[in-house]
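Asker: As input, take data28.txt (compact mmCIF, N, CA, C and O atoms):
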```
# COMPACT_ATOMS: atom_id res chain seq x y z
N ILE A 1 -17.27 -15.50 -40.53
CA ILE A 1 -18.61 -15.37 -41.05
C ILE A 1 -19.13 -16.73 -41.48
O ILE A 1 -20.29 -17.06 -41.23
N ALA A 2 -18.30 -17.53 -42.11
CA ALA A 2 -18.73 -18.86 -42.56
C ALA A 2 -19.13 -19.73 -41.37
O ALA A 2 -20.13 -20.44 -41.43
N MET A 3 -18.36 -19.66 -40.29
CA MET A 3 -18.71 -20.46 -39.12
C MET A 3 -20.00 -19.95 -38.48
O MET A 3 -20.81 -20.73 -38.01
N ALA A 4 -20.19 -18.64 -38.47
CA ALA A 4 -21.41 -18.07 -37.89
C ALA A 4 -22.64 -18.59 -38.61
O ALA A 4 -23.67 -18.85 -37.99
N ARG A 5 -22.54 -18.76 -39.92
CA ARG A 5 -23.68 -19.28 -40.68
C ARG A 5 -24.08 -20.66 -40.20
O ARG A 5 -25.24 -21.03 -40.25
N THR A 6 -23.12 -21.42 -39.72
CA THR A 6 -23.39 -22.77 -39.22
C THR A 6 -23.89 -22.75 -37.78
O THR A 6 -24.81 -23.49 -37.43
N LEU A 7 -23.31 -21.91 -36.96
CA LEU A 7 -23.63 -21.91 -35.53
C LEU A 7 -24.95 -21.23 -35.18
O LEU A 7 -25.76 -21.76 -34.44
N PHE A 8 -25.15 -20.03 -35.67
CA PHE A 8 -26.27 -19.22 -35.21
C PHE A 8 -27.65 -19.73 -35.61
O PHE A 8 -28.58 -19.61 -34.83
N PRO A 9 -27.85 -20.29 -36.80
CA PRO A 9 -29.20 -20.76 -37.14
C PRO A 9 -29.72 -21.85 -36.21
O PRO A 9 -30.92 -21.99 -36.03
N GLY A 10 -28.85 -22.60 -35.57
CA GLY A 10 -29.28 -23.65 -34.66
C GLY A 10 -29.33 -23.21 -33.21
O GLY A 10 -29.52 -24.02 -32.32
N CYS A 11 -29.21 -21.93 -32.95
CA CYS A 11 -29.14 -21.41 -31.59
C CYS A 11 -30.48 -20.79 -31.19
O CYS A 11 -30.95 -19.88 -31.86
N ASP A 12 -31.08 -21.28 -30.11
CA ASP A 12 -32.32 -20.70 -29.61
C ASP A 12 -32.04 -19.60 -28.58
O ASP A 12 -32.71 -18.58 -28.56
N VAL A 13 -31.05 -19.84 -27.70
CA VAL A 13 -30.69 -18.88 -26.66
C VAL A 13 -29.17 -18.73 -26.67
O VAL A 13 -28.45 -19.73 -26.60
N TRP A 14 -28.71 -17.50 -26.76
CA TRP A 14 -27.29 -17.21 -26.74
C TRP A 14 -26.90 -16.78 -25.34
O TRP A 14 -27.32 -15.73 -24.87
N LEU A 15 -26.13 -17.61 -24.64
CA LEU A 15 -25.69 -17.31 -23.28
C LEU A 15 -24.36 -16.57 -23.34
O LEU A 15 -23.40 -17.04 -23.94
N ASN A 16 -24.32 -15.42 -22.72
CA ASN A 16 -23.11 -14.60 -22.65
C ASN A 16 -23.01 -14.07 -21.23
O ASN A 16 -23.88 -13.32 -20.80
N ASN A 17 -21.99 -14.46 -20.53
CA ASN A 17 -21.89 -14.01 -19.14
C ASN A 17 -20.49 -13.49 -18.80
O ASN A 17 -19.80 -14.03 -17.96
N PRO A 18 -20.09 -12.39 -19.45
CA PRO A 18 -18.80 -11.78 -19.11
C PRO A 18 -18.87 -11.10 -17.75
O PRO A 18 -19.95 -10.86 -17.21
N LEU A 19 -17.73 -10.80 -17.21
CA LEU A 19 -17.68 -10.02 -15.97
C LEU A 19 -17.87 -8.56 -16.33
O LEU A 19 -17.15 -8.02 -17.17
N ARG A 20 -18.88 -7.92 -15.72
CA ARG A 20 -19.09 -6.49 -15.96
C ARG A 20 -17.91 -5.72 -15.41
O ARG A 20 -17.43 -6.06 -14.34
N PRO A 21 -17.39 -4.76 -16.01
CA PRO A 21 -17.72 -4.17 -17.30
C PRO A 21 -16.73 -4.60 -18.39
O PRO A 21 -16.22 -3.77 -19.13
N LEU A 22 -16.46 -5.88 -18.51
CA LEU A 22 -15.40 -6.35 -19.40
C LEU A 22 -15.91 -6.92 -20.72
O LEU A 22 -15.14 -7.56 -21.44
N GLU A 23 -17.17 -6.71 -21.06
CA GLU A 23 -17.69 -7.18 -22.34
C GLU A 23 -16.90 -6.49 -23.44
O GLU A 23 -16.84 -5.27 -23.50
N ALA A 24 -16.32 -7.29 -24.33
CA ALA A 24 -15.47 -6.73 -25.38
C ALA A 24 -16.29 -5.94 -26.39
O ALA A 24 -16.07 -4.76 -26.61
N CYS A 25 -17.23 -6.58 -27.04
CA CYS A 25 -18.04 -5.85 -28.02
C CYS A 25 -19.42 -6.49 -28.20
O CYS A 25 -20.36 -5.81 -28.53
N GLY A 26 -19.53 -7.78 -28.02
CA GLY A 26 -20.84 -8.41 -28.09
C GLY A 26 -21.33 -8.76 -29.47
O GLY A 26 -22.51 -9.02 -29.66
N THR A 27 -20.44 -8.77 -30.46
CA THR A 27 -20.93 -9.03 -31.81
C THR A 27 -21.52 -10.41 -31.97
O THR A 27 -22.41 -10.61 -32.78
N SER A 28 -21.07 -11.39 -31.18
CA SER A 28 -21.65 -12.73 -31.29
C SER A 28 -23.12 -12.70 -30.86
O SER A 28 -23.97 -13.32 -31.49
N GLY A 29 -23.42 -11.98 -29.80
CA GLY A 29 -24.81 -11.86 -29.36
C GLY A 29 -25.67 -11.11 -30.36
O GLY A 29 -26.84 -11.41 -30.56
N MET A 30 -25.08 -10.11 -30.99
CA MET A 30 -25.80 -9.37 -32.03
C MET A 30 -26.13 -10.29 -33.21
O MET A 30 -27.24 -10.26 -33.74
N LYS A 31 -25.17 -11.12 -33.62
CA LYS A 31 -25.41 -12.05 -34.72
C LYS A 31 -26.50 -13.04 -34.35
O LYS A 31 -27.34 -13.39 -35.18
N ALA A 32 -26.49 -13.50 -33.11
CA ALA A 32 -27.54 -14.43 -32.68
C ALA A 32 -28.91 -13.76 -32.75
O ALA A 32 -29.87 -14.35 -33.22
N ALA A 33 -28.99 -12.52 -32.28
CA ALA A 33 -30.27 -11.79 -32.31
C ALA A 33 -30.77 -11.59 -33.73
O ALA A 33 -31.96 -11.77 -34.03
N ILE A 34 -29.87 -11.21 -34.62
CA ILE A 34 -30.25 -11.00 -36.02
C ILE A 34 -30.78 -12.28 -36.64
O ILE A 34 -31.65 -12.26 -37.50
N ASN A 35 -30.28 -13.42 -36.17
CA ASN A 35 -30.71 -14.72 -36.70
C ASN A 35 -31.87 -15.32 -35.90
O ASN A 35 -32.17 -16.49 -36.04
N GLY A 36 -32.51 -14.52 -35.06
CA GLY A 36 -33.71 -14.96 -34.37
C GLY A 36 -33.51 -15.60 -33.02
O GLY A 36 -34.45 -16.09 -32.41
N GLY A 37 -32.29 -15.62 -32.52
CA GLY A 37 -32.02 -16.19 -31.20
C GLY A 37 -32.30 -15.17 -30.10
O GLY A 37 -32.20 -13.97 -30.31
N LEU A 38 -32.66 -15.67 -28.94
CA LEU A 38 -32.83 -14.81 -27.77
C LEU A 38 -31.51 -14.74 -27.02
O LEU A 38 -30.74 -15.70 -27.02
N ASN A 39 -31.24 -13.63 -26.37
CA ASN A 39 -30.01 -13.47 -25.61
C ASN A 39 -30.27 -13.61 -24.12
O ASN A 39 -31.32 -13.21 -23.61
N LEU A 40 -29.31 -14.18 -23.45
CA LEU A 40 -29.30 -14.30 -21.99
C LEU A 40 -27.92 -13.81 -21.57
O LEU A 40 -26.92 -14.49 -21.79
N SER A 41 -27.86 -12.61 -21.02
CA SER A 41 -26.57 -12.00 -20.75
C SER A 41 -26.64 -11.01 -19.61
O SER A 41 -27.72 -10.56 -19.23
N VAL A 42 -25.46 -10.66 -19.09
CA VAL A 42 -25.39 -9.56 -18.13
C VAL A 42 -25.65 -8.26 -18.88
O VAL A 42 -25.45 -8.19 -20.10
N LEU A 43 -26.11 -7.26 -18.19
CA LEU A 43 -26.37 -5.97 -18.82
C LEU A 43 -25.06 -5.20 -18.95
O LEU A 43 -24.67 -4.41 -18.10
N ASP A 44 -24.38 -5.48 -20.05
CA ASP A 44 -23.11 -4.83 -20.35
C ASP A 44 -22.98 -4.72 -21.86
O ASP A 44 -23.57 -5.50 -22.60
N GLY A 45 -22.24 -3.74 -22.30
CA GLY A 45 -22.04 -3.57 -23.73
C GLY A 45 -23.34 -3.33 -24.47
O GLY A 45 -24.24 -2.64 -23.99
N TRP A 46 -23.47 -3.91 -25.63
CA TRP A 46 -24.65 -3.69 -26.48
C TRP A 46 -25.93 -4.19 -25.82
O TRP A 46 -27.00 -3.62 -26.03
N TRP A 47 -25.86 -5.25 -25.01
CA TRP A 47 -27.06 -5.81 -24.40
C TRP A 47 -27.66 -4.85 -23.38
O TRP A 47 -28.87 -4.80 -23.20
N ASP A 48 -26.83 -4.07 -22.73
CA ASP A 48 -27.32 -3.06 -21.80
C ASP A 48 -28.15 -2.01 -22.54
O ASP A 48 -29.10 -1.46 -21.98
N GLU A 49 -27.82 -1.77 -23.78
CA GLU A 49 -28.55 -0.78 -24.58
C GLU A 49 -29.78 -1.37 -25.28
O GLU A 49 -30.75 -0.66 -25.52
N MET A 50 -29.75 -2.64 -25.62
CA MET A 50 -30.81 -3.22 -26.45
C MET A 50 -31.83 -4.07 -25.69
O MET A 50 -32.91 -4.32 -26.18
N TYR A 51 -31.50 -4.52 -24.49
CA TYR A 51 -32.43 -5.36 -23.73
C TYR A 51 -33.69 -4.56 -23.41
O TYR A 51 -33.63 -3.44 -22.92
N ASP A 52 -34.86 -5.15 -23.74
CA ASP A 52 -36.11 -4.45 -23.48
C ASP A 52 -37.12 -5.27 -22.67
O ASP A 52 -38.26 -4.87 -22.50
N GLY A 53 -36.71 -6.44 -22.18
CA GLY A 53 -37.60 -7.27 -21.39
C GLY A 53 -38.39 -8.28 -22.21
O GLY A 53 -38.94 -9.21 -21.66
N ASP A 54 -38.44 -8.09 -23.52
CA ASP A 54 -39.16 -9.02 -24.40
C ASP A 54 -38.23 -9.76 -25.36
O ASP A 54 -38.66 -10.70 -26.02
N ASN A 55 -36.99 -9.34 -25.47
CA ASN A 55 -36.09 -9.92 -26.46
C ASN A 55 -35.03 -10.84 -25.85
O ASN A 55 -34.02 -11.12 -26.45
N GLY A 56 -35.28 -11.30 -24.64
CA GLY A 56 -34.35 -12.21 -23.97
C GLY A 56 -34.37 -11.97 -22.47
O GLY A 56 -35.38 -11.52 -21.92
N TRP A 57 -33.25 -12.26 -21.82
CA TRP A 57 -33.17 -12.15 -20.37
C TRP A 57 -31.90 -11.44 -19.97
O TRP A 57 -30.89 -11.53 -20.64
N ALA A 58 -31.97 -10.74 -18.85
CA ALA A 58 -30.81 -10.05 -18.29
C ALA A 58 -30.43 -10.73 -16.98
O ALA A 58 -31.28 -10.94 -16.11
N ILE A 59 -29.17 -11.07 -16.85
CA ILE A 59 -28.66 -11.65 -15.61
C ILE A 59 -28.37 -10.49 -14.66
O ILE A 59 -27.54 -9.63 -14.98
N PRO A 60 -29.05 -10.41 -13.52
CA PRO A 60 -28.79 -9.30 -12.60
C PRO A 60 -27.33 -9.29 -12.14
O PRO A 60 -26.74 -10.34 -11.88
N SER A 61 -26.75 -8.13 -12.06
CA SER A 61 -25.36 -7.98 -11.65
C SER A 61 -25.27 -7.74 -10.16
O SER A 61 -26.13 -7.08 -9.57
N ALA A 62 -24.20 -8.25 -9.58
CA ALA A 62 -23.96 -8.03 -8.16
C ALA A 62 -23.46 -6.62 -7.93
O ALA A 62 -22.96 -5.96 -8.85
N SER A 63 -23.59 -6.16 -6.72
CA SER A 63 -23.07 -4.84 -6.33
C SER A 63 -21.56 -4.81 -6.52
O SER A 63 -20.88 -5.83 -6.42
N ILE A 64 -21.04 -3.63 -6.77
CA ILE A 64 -19.60 -3.49 -6.90
C ILE A 64 -18.89 -3.57 -5.55
O ILE A 64 -17.67 -3.63 -5.49
N ASN A 65 -19.67 -3.62 -4.47
CA ASN A 65 -19.10 -3.63 -3.12
C ASN A 65 -18.92 -5.03 -2.56
O ASN A 65 -18.85 -5.20 -1.35
N VAL A 66 -18.84 -6.04 -3.44
CA VAL A 66 -18.64 -7.41 -2.97
C VAL A 66 -17.33 -7.94 -3.53
O VAL A 66 -16.78 -7.40 -4.49
N THR A 67 -16.84 -9.01 -2.93
CA THR A 67 -15.59 -9.62 -3.41
C THR A 67 -15.87 -10.35 -4.73
O THR A 67 -17.03 -10.67 -5.03
N PRO A 68 -14.83 -10.64 -5.49
CA PRO A 68 -15.05 -11.39 -6.73
C PRO A 68 -15.75 -12.74 -6.51
O PRO A 68 -16.61 -13.13 -7.30
N ASP A 69 -15.40 -13.44 -5.43
CA ASP A 69 -16.06 -14.72 -5.15
C ASP A 69 -17.53 -14.53 -4.83
O ASP A 69 -18.38 -15.30 -5.27
N GLU A 70 -17.85 -13.49 -4.06
CA GLU A 70 -19.25 -13.21 -3.74
C GLU A 70 -20.02 -12.83 -5.00
O GLU A 70 -21.15 -13.26 -5.21
N ARG A 71 -19.39 -12.02 -5.87
CA ARG A 71 -20.02 -11.64 -7.13
C ARG A 71 -20.34 -12.88 -7.96
O ARG A 71 -21.44 -13.03 -8.47
N ASP A 72 -19.38 -13.79 -8.07
CA ASP A 72 -19.61 -15.02 -8.84
C ASP A 72 -20.77 -15.81 -8.27
O ASP A 72 -21.62 -16.32 -9.02
N ASP A 73 -20.84 -15.94 -6.95
CA ASP A 73 -21.93 -16.69 -6.32
C ASP A 73 -23.28 -16.03 -6.57
O ASP A 73 -24.26 -16.69 -6.89
N ILE A 74 -23.34 -14.70 -6.42
CA ILE A 74 -24.60 -13.96 -6.61
C ILE A 74 -25.07 -14.05 -8.05
O ILE A 74 -26.24 -14.34 -8.32
N GLU A 75 -24.15 -13.83 -8.99
CA GLU A 75 -24.54 -13.83 -10.39
C GLU A 75 -24.85 -15.24 -10.90
O GLU A 75 -25.75 -15.43 -11.73
N ALA A 76 -24.16 -16.26 -10.37
CA ALA A 76 -24.48 -17.64 -10.74
C ALA A 76 -25.87 -18.00 -10.23
O ALA A 76 -26.66 -18.61 -10.97
N ALA A 77 -26.19 -17.63 -9.01
CA ALA A 77 -27.51 -17.91 -8.46
C ALA A 77 -28.60 -17.20 -9.28
O ALA A 77 -29.65 -17.78 -9.57
N ALA A 78 -28.33 -15.98 -9.71
CA ALA A 78 -29.28 -15.23 -10.53
C ALA A 78 -29.48 -15.92 -11.88
O ALA A 78 -30.62 -16.01 -12.37
N LEU A 79 -28.40 -16.41 -12.46
CA LEU A 79 -28.50 -17.13 -13.75
C LEU A 79 -29.34 -18.38 -13.58
O LEU A 79 -30.24 -18.66 -14.37
N TYR A 80 -29.08 -19.17 -12.53
CA TYR A 80 -29.86 -20.39 -12.31
C TYR A 80 -31.32 -20.09 -12.04
O TYR A 80 -32.20 -20.84 -12.44
N ASP A 81 -31.61 -18.98 -11.38
CA ASP A 81 -33.01 -18.60 -11.14
C ASP A 81 -33.73 -18.28 -12.44
O ASP A 81 -34.92 -18.57 -12.59
N LEU A 82 -33.01 -17.67 -13.38
CA LEU A 82 -33.63 -17.37 -14.67
C LEU A 82 -33.98 -18.65 -15.41
O LEU A 82 -34.99 -18.78 -16.04
```
Give the structure from this file in structure tokens form.
Answerer:
Amino acid sequence: IAMARTLFPGCDVWLNNPLRPLEACGTSGMKAAINGGLNLSVLDGWWDEMYDGDNGWAIPSASINVTPDERDDIEAAALYDL
């Protein structure tokens, strides 16, 4: 909690890019949001439930029918486009 007080107030955008569906819990992104930061994340965990199009950005996820390398390329390109 003490470290969060130092980190989050200086954060404008919180980047979180776990591999779907492996988001553990997302509490760091929640803390950033509570402190006024915008989130940039894949739609997984809490962000899948809270993203509304005005409170940050969603990184589009690749289809489950691609290889891990293809998924990484697709999702990286989507992140750079954002």
Asker: Atom N of Leu15 of chain A and atom N of Asp72 of chain A, how far apart in Å?
Answerer: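 Atom N of Leu15 of chain A lies at a distance of 18.3 Å from atom N of Asp72 of chain A.
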Asker: What's the separation between atom CA of Asn39 of chain A and atom CA of Gly56 of chain A, in Å to one decimal place?
Answerer: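 Value for the atom CA of Asn39 of chain A-atom CA of Gly56 of chain A distance: 4.8 Å.
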Asker: Mind checking DSSP for chain A and telling me the helix (DSSP H, G or I) residues as a PyMOL selection string?
Answerer: chain A and resi 2-10+27-34+46-50+68-81
Asker: Could you list, as a VMD selection string, every residue within 12 Å of Asp81 of chain A, counting only C-alpha atoms and ignoring same-chain residues fewer than 6 positions away?
Answerer: chain A and resid 57 to 60 74 to 75
Asker: Quick one: distance from atom N of Asp69 of chain A to atom CA of Asn55 of chain A in Å, one decimal?
Answerer: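 Straight-line distance from atom N of Asp69 of chain A to atom CA of Asn55 of chain A works out to 29.7 Å.
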Asker: Taking the backbone alone, and naming residues the way the document does, which bits of chain A are strand (DSSP E) by DSSP, as a PyMOL selection string?
Answerer: chain A and resi 13-16+38-42+56-59
Asker: Would you mind telling me which residue in A:Gly45, A:Leu82, A:Gly53, A:Met3 lies nearest to Thr27 of chain A when using only C-alpha atoms?
Answerer: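 For Thr27 of chain A, the nearest of the given residues is A:Gly45.
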Asker: So, counting only C-alpha atoms, which residue among A:Ala77, A:Leu38, A:Leu19, A:Ile64 is closest to Asp52 of chain A?
Answerer: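 Counting only C-alpha atoms, the residue closest to Asp52 of chain A is A:Leu38.
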Asker: Which one of A:Cys11, A:Glu70, A:Ser61, A:Ala2 sits closest to Gly36 of chain A if you count all atoms listed in the file?
Answerer: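 Among the listed residues, A:Cys11 lies closest to Gly36 of chain A.
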Asker: I need the residue nearest Ser41 of chain A from this list: A:Tyr80, A:Thr67, A:Asn17, A:Asp73. Use all atoms listed in the file for the distance.
Answerer: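 Among the listed residues, the smallest separation from Ser41 of chain A belongs to A:Asn17.
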Asker: For each of A:Trp47, A:Asp12, A:Arg71, A:Ala76, take the minimum atom-to-atom distance to Gly29 of chain A, counting only C-alpha atoms, then give the residue where this is smallest.
Answerer: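 Going through A:Trp47, A:Asp12, A:Arg71, A:Ala76 one by one, the smallest distance to Gly29 of chain A is for A:Trp47.
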